[in-house]
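S.K.: Structure incoming, see below.
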Amino acid sequence: MTSDTLISALYVFALAAFLGYQVISRVPPLLHTPLMSATNAISGISLVGSIVTAGANYSTVSTILGVVAVACSTTNVVGGFVITDRMLKMFKRKDLVKKD
Amino acid sequence: MLKTYFIEFSYLLASILFILGLKGLSHPETAKRGMHLAEFGMLMAIIGTLMHHDIVTYTWILIGLAVGSVAGLAMGVWVPMTAMPQRTALSHAFGAFAAALVGISEFFKHGGHLEPVMMGALGFEVMLGSLTTTGSLLAFAKLQGLVRGTPMTYKGQNIFNMALLAVTVGIFIYLIVMPGSMPLFFTMVGLAFVFGLLLVMPIGSADMPVVMSLLNSYAGLASAATGFVLSNKVLIIAGTLDGFSGFILSILMCRAMNRSITNVLFGAFGSAATTGAAGEQQGSMREVGLDDIATQLAYANKVIFVPGYGLATAQAQHAVRELADVLEKRGVTVKYGIHPVAGRMPGHMNVLLAEANVPYSSLYELEQINPEFPTTDVAVVIGANDVVNPDARDNPGSPIAGMPILEVDRSKSVVVLKRGQGKGFSGLENPLFFKPVTGMLYGDAKDTLTRLVQAVQHA
């Protein structure tokens, strides 16, 4: 890692932290459970790291660790998004509730 | 070259869509669309990654993707809403474990010889990932009831934990300065795994909302550290968003209990040591008849339901909605008061009631609903205890003194639905149950509510 990449990574981290604080403070307590499962699904983006590890053939150990990591992250991505969607569908406005 | 641009562009697009997705969560109406944006972003990032020039074989990737998709889909479709805290704990464990594995594999790839900055990021990733994995698994076991939910404590616990953490961090620093030792690296990983268990062991079930949020935060930060190791910006952004979301939720949960994070983590709240301070209770609990309550409810102007974890264990969310429907048909105003730490994770009660088709406009936060109790005829407490304990407000010597509560005792009449005469998870005596305005209805909440529906219909 060169000092340039480190510095730019730190920039990204700091700005993301600031932005995250702004965006997430606005989420009402009503939606805190979907928030948790959504952020969980989103951080399943570590999948992009695992995919390279699993497919790059660095060594047998790396490949095994990579495949397990891919499976774990994919479970989070798919499970997280499916559940978040399922939960959000349940939050209904008053005028839409009585119809079923 | 073009390929590199495409990959980087897909990551940039994903980052933007993730942020928009979370922004959508600021309102239930925009949330669904926001999530679809985030899902599309994820898909783009995965497609982009599959074009990475380091990849030589796709077989293993596809196997991993297939296994994960099946597991994720099964989990996503079949897990009941009442089990949401367990599911979330498990997914924290998966996310953190993946981060730890990528870190370990990177360490291998470089034969352990990493420059200091890289080793620093990788160490963070692996340590946070490992301790979050075991910590979340233990939280899962506690929530699922595989392990007792009471705090597990022993003498010198905090000192032992601190010492263990110090050794782990010591090895970490040594590895930054003198890289290359495989045995030391794996000792560090092993110690981090153990530390995760030790960290969650002394924490009781009632404090789970804070622990869940903290583990959420750690899992996110582990992902962000992975981003530093791989110099991957979308990973840094997504991990940081996740980490900060968990961090903000931890703070909100702690504030809702008037406790500090250190107190939650090391206080072993709800164990025998902390419960001695409660004073003796005067008077006795008054048990009331089901028909009396039904009449009171049927002729009330305003009723507020206050749910707690007992609602989830009794799966009583649908029964509450039915009772509310019957009452509303009679012209009674029905509202729900939700305490931030009711249940086992942030927002737990809201999701359960939404599942039972309660419109979200009927769900009120603590600050909104408290002024309404004095004008409420009947407040119905369903399986909640500490969040309605007036000692938090009135008794400065109480272990929960200063915790904001739902002031149900200010309403004209209070009905408490409770499984038995035992104490709440924190083990505290609740003076609310001994007040003259309070009537106790013992039994399974779902069963009681169903019988109340029938009784109200005949009233």
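Just so we're on the same page: first chain in the structure tokens is A, next is B, and so on; residues restart at 1 for each chain, and ligands are numbered from 1 in the order they show up.
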Output as a tab-separated table one row per residue of chain A within 6 Å of chain B: the closest atom pair and its distance in Å to one decimal place, counting only C-alpha atoms, sorted by chain and residue number ascending.
M.R.:
```
residue	atom	partner	partner_atom	distance
A:Ala16	CA	B:Ile237	CA	5.5
A:Ala17	CA	B:Thr240	CA	5.8
A:Gly20	CA	B:Leu241	CA	5.0
A:Val23	CA	B:Lys23	CA	5.6
A:Arg26	CA	B:Ser26	CA	5.5
A:Val27	CA	B:Ser26	CA	4.2
A:Pro29	CA	B:Gly347	CA	5.9
A:Leu30	CA	B:Asn350	CA	5.7
A:His32	CA	B:Gly347	CA	4.7
A:Thr33	CA	B:Gly347	CA	4.8
A:Thr39	CA	B:Asp242	CA	5.0
A:Ser43	CA	B:Ala238	CA	5.3
A:Val48	CA	B:Thr49	CA	5.8
A:Val52	CA	B:Ile55	CA	5.9
A:Ala54	CA	B:Ile61	CA	5.8
A:Gly55	CA	B:Ile55	CA	4.7
A:Ala56	CA	B:Ile55	CA	4.3
A:Ser62	CA	B:Ser105	CA	5.0
A:Leu65	CA	B:Leu101	CA	5.7
A:Val67	CA	B:Gly64	CA	5.2
A:Ala69	CA	B:Ala98	CA	4.2
A:Val70	CA	B:Gly64	CA	5.2
A:Ala71	CA	B:Gly68	CA	4.2
A:Cys72	CA	B:Phe94	CA	5.2
A:Ser73	CA	B:Gly95	CA	5.8
A:Thr74	CA	B:Gly68	CA	4.6
A:Thr75	CA	B:Gly72	CA	4.0
A:Asn76	CA	B:Ser91	CA	5.9
A:Val78	CA	B:Gly72	CA	5.0
A:Gly79	CA	B:Gly72	CA	3.9
A:Val82	CA	B:Gly76	CA	5.2
A:Ile83	CA	B:Gly76	CA	4.8
A:Met90	CA	B:Ala354	CA	5.3
A:Phe91	CA	B:Ala354	CA	5.3
A:Lys92	CA	B:Pro359	CA	5.2
A:Arg93	CA	B:Pro359	CA	5.4
A:Lys94	CA	B:Pro359	CA	4.9
```
S.K.: Could you save the residues just selected, with C-alpha atoms, as a PDB file, in the first residue's frame?
M.R.:
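Here's the written file selection.pdb:
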```pdb
ATOM      1  CA  ALA A  16     -18.407   7.888   4.435  1.00  0.00           C
ATOM      2  CA  ALA A  17     -18.506   8.093   8.226  1.00  0.00           C
ATOM      3  CA  GLY A  20     -23.420   7.728   7.234  1.00  0.00           C
ATOM      4  CA  VAL A  23     -28.195   9.667   6.643  1.00  0.00           C
ATOM      5  CA  ARG A  26     -32.728  10.448   9.961  1.00  0.00           C
ATOM      6  CA  VAL A  27     -34.003   6.868  10.087  1.00  0.00           C
ATOM      7  CA  PRO A  29     -37.053   4.173  15.336  1.00  0.00           C
ATOM      8  CA  LEU A  30     -39.988   2.624  13.473  1.00  0.00           C
ATOM      9  CA  HIS A  32     -34.596   0.396  13.044  1.00  0.00           C
ATOM     10  CA  THR A  33     -34.937  -3.352  12.498  1.00  0.00           C
ATOM     11  CA  THR A  39     -26.939  -2.351   6.452  1.00  0.00           C
ATOM     12  CA  SER A  43     -21.937  -4.752   4.128  1.00  0.00           C
ATOM     13  CA  VAL A  48     -16.349  -8.586  -3.858  1.00  0.00           C
ATOM     14  CA  VAL A  52     -11.431 -12.533  -6.008  1.00  0.00           C
ATOM     15  CA  ALA A  54     -11.941 -17.669  -4.231  1.00  0.00           C
ATOM     16  CA  GLY A  55     -11.234 -17.416  -7.950  1.00  0.00           C
ATOM     17  CA  ALA A  56      -7.644 -16.223  -8.118  1.00  0.00           C
ATOM     18  CA  SER A  62      -6.753 -19.218  -0.014  1.00  0.00           C
ATOM     19  CA  LEU A  65     -11.102 -19.686   2.748  1.00  0.00           C
ATOM     20  CA  VAL A  67     -15.178 -20.079  -1.039  1.00  0.00           C
ATOM     21  CA  ALA A  69     -16.253 -16.396   2.667  1.00  0.00           C
ATOM     22  CA  VAL A  70     -18.212 -16.148  -0.600  1.00  0.00           C
ATOM     23  CA  ALA A  71     -20.899 -18.461   0.802  1.00  0.00           C
ATOM     24  CA  CYS A  72     -21.111 -16.473   4.070  1.00  0.00           C
ATOM     25  CA  SER A  73     -21.304 -13.086   2.366  1.00  0.00           C
ATOM     26  CA  THR A  74     -23.818 -14.282  -0.220  1.00  0.00           C
ATOM     27  CA  THR A  75     -26.032 -15.627   2.560  1.00  0.00           C
ATOM     28  CA  ASN A  76     -25.961 -12.159   4.096  1.00  0.00           C
ATOM     29  CA  VAL A  78     -29.465 -12.517  -0.314  1.00  0.00           C
ATOM     30  CA  GLY A  79     -30.967 -13.175   3.130  1.00  0.00           C
ATOM     31  CA  VAL A  82     -35.042 -10.617   1.067  1.00  0.00           C
ATOM     32  CA  ILE A  83     -35.862 -10.073   4.727  1.00  0.00           C
ATOM     33  CA  MET A  90     -45.490  -5.022   6.109  1.00  0.00           C
ATOM     34  CA  PHE A  91     -45.306  -1.346   7.036  1.00  0.00           C
ATOM     35  CA  LYS A  92     -48.593  -0.039   5.669  1.00  0.00           C
ATOM     36  CA  ARG A  93     -50.362   3.279   5.665  1.00  0.00           C
ATOM     37  CA  LYS A  94     -53.650   3.386   7.534  1.00  0.00           C
TER      38      LYS A  94
END
```
S.K.: Quick one: residues within 9 Å of Phe185 in chain B, only C-alpha atoms counted, chain neighbours fewer than 5 positions away excluded, as a PyMOL selection string?
M.R.: chain B and resi 107+112+123+171-172+175+180+190
S.K.: Keeping C-alpha atoms, export the residues of the selection given above as an mmCIF file, in the first residue's frame.
M.R.:
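That gives us selection_36.cif:
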```
data_model
loop_
_atom_site.group_PDB
_atom_site.id
_atom_site.type_symbol
_atom_site.label_atom_id
_atom_site.label_comp_id
_atom_site.auth_asym_id
_atom_site.auth_seq_id
_atom_site.Cartn_x
_atom_site.Cartn_y
_atom_site.Cartn_z
ATOM 1 C CA PHE B 107 -2.001 -12.862 5.224
ATOM 2 C CA GLY B 112 2.911 -13.093 6.487
ATOM 3 C CA GLY B 123 -4.989 -7.043 12.000
ATOM 4 C CA ILE B 171 0.605 -9.510 19.673
ATOM 5 C CA PHE B 172 -1.049 -7.317 17.058
ATOM 6 C CA LEU B 175 3.218 -8.207 14.302
ATOM 7 C CA GLY B 180 6.143 -12.640 9.487
ATOM 8 C CA GLY B 190 -7.562 -17.649 18.358
#
```
S.K.: Which is closer to Phe434 in chain B than all the others in B:Asp386, B:Asp292, B:Glu372, B:Glu287, using only C-alpha atoms?
M.R.: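 Of B:Asp386, B:Asp292, B:Glu372, B:Glu287, the one nearest Phe434 in chain B, counting only C-alpha atoms, is B:Glu287.
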S.K.: Nearest to Ile382 in chain B: which of B:Gln296, B:Asn301, B:Asn158, B:Gln315 is it, counting only C-alpha atoms?
M.R.: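 Among B:Gln296, B:Asn301, B:Asn158, B:Gln315, it is B:Gln315 that comes nearest to Ile382 in chain B.
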S.K.: To one decimal place in Å, what is the distance between CA of Arg393 in chain B and CA of Val306 in chain B?
M.R.: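 Going from CA of Arg393 in chain B over to CA of Val306 in chain B, I get 17.6 Å.
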S.K.: Write out as a PyMOL selection string the set of residues from range 44-272 of chain B that DSSP, computed on the backbone, places in helix (DSSP H, G or I).
M.R.: chain B and resi 44-50+59-78+81-109+116-144+157-177+182-200+205-230+233-255+261-266+272
S.K.: Give me, as an NGL selection string, all polymer residues having an atom no more than 6 Å from range 400-405 of chain B, counting only C-alpha atoms and skipping those fewer than 2 positions away in the same chain.
M.R.: :B and (257-258 or 387-388 or 392-393 or 396 or 398 or 407)
S.K.: Would you save the residues of that selection, restricted to C-alpha atoms, as a PDB file, in the first residue's frame?
M.R.:
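Dumped to out09.pdb:
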```
ATOM      1  CA  MET B 257     -31.760   2.953  29.191  1.00  0.00           C
ATOM      2  CA  ASN B 258     -29.825   5.883  30.700  1.00  0.00           C
ATOM      3  CA  VAL B 387     -39.809  -0.139  30.285  1.00  0.00           C
ATOM      4  CA  VAL B 388     -42.895   0.711  32.384  1.00  0.00           C
ATOM      5  CA  ALA B 392     -36.852   4.514  37.062  1.00  0.00           C
ATOM      6  CA  ARG B 393     -38.542   7.893  37.479  1.00  0.00           C
ATOM      7  CA  PRO B 396     -33.105   7.537  42.573  1.00  0.00           C
ATOM      8  CA  SER B 398     -33.026   2.063  41.700  1.00  0.00           C
ATOM      9  CA  GLU B 407     -45.591   6.426  32.025  1.00  0.00           C
TER      10      GLU B 407
END
```
S.K.: Residues near Arg330 in chain B, anyone? I mean within 9 Å using only C-alpha atoms, not counting same-chain ones fewer than 4 positions away, as a list of chain:residue names.
M.R.: B:Ala298, B:Tyr299, B:Asp325, B:Val326
S.K.: Record the distance separating CA of Val177 in chain B and CA of Thr134 in chain B, expressed in Å with one decimal.
M.R.: 27.7 Å
S.K.: Please compute the CA of Pro209 in chain B-CA of Gly308 in chain B distance, one decimal, in Å.
M.R.: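 For CA of Pro209 in chain B relative to CA of Gly308 in chain B, the distance reads 12.7 Å.
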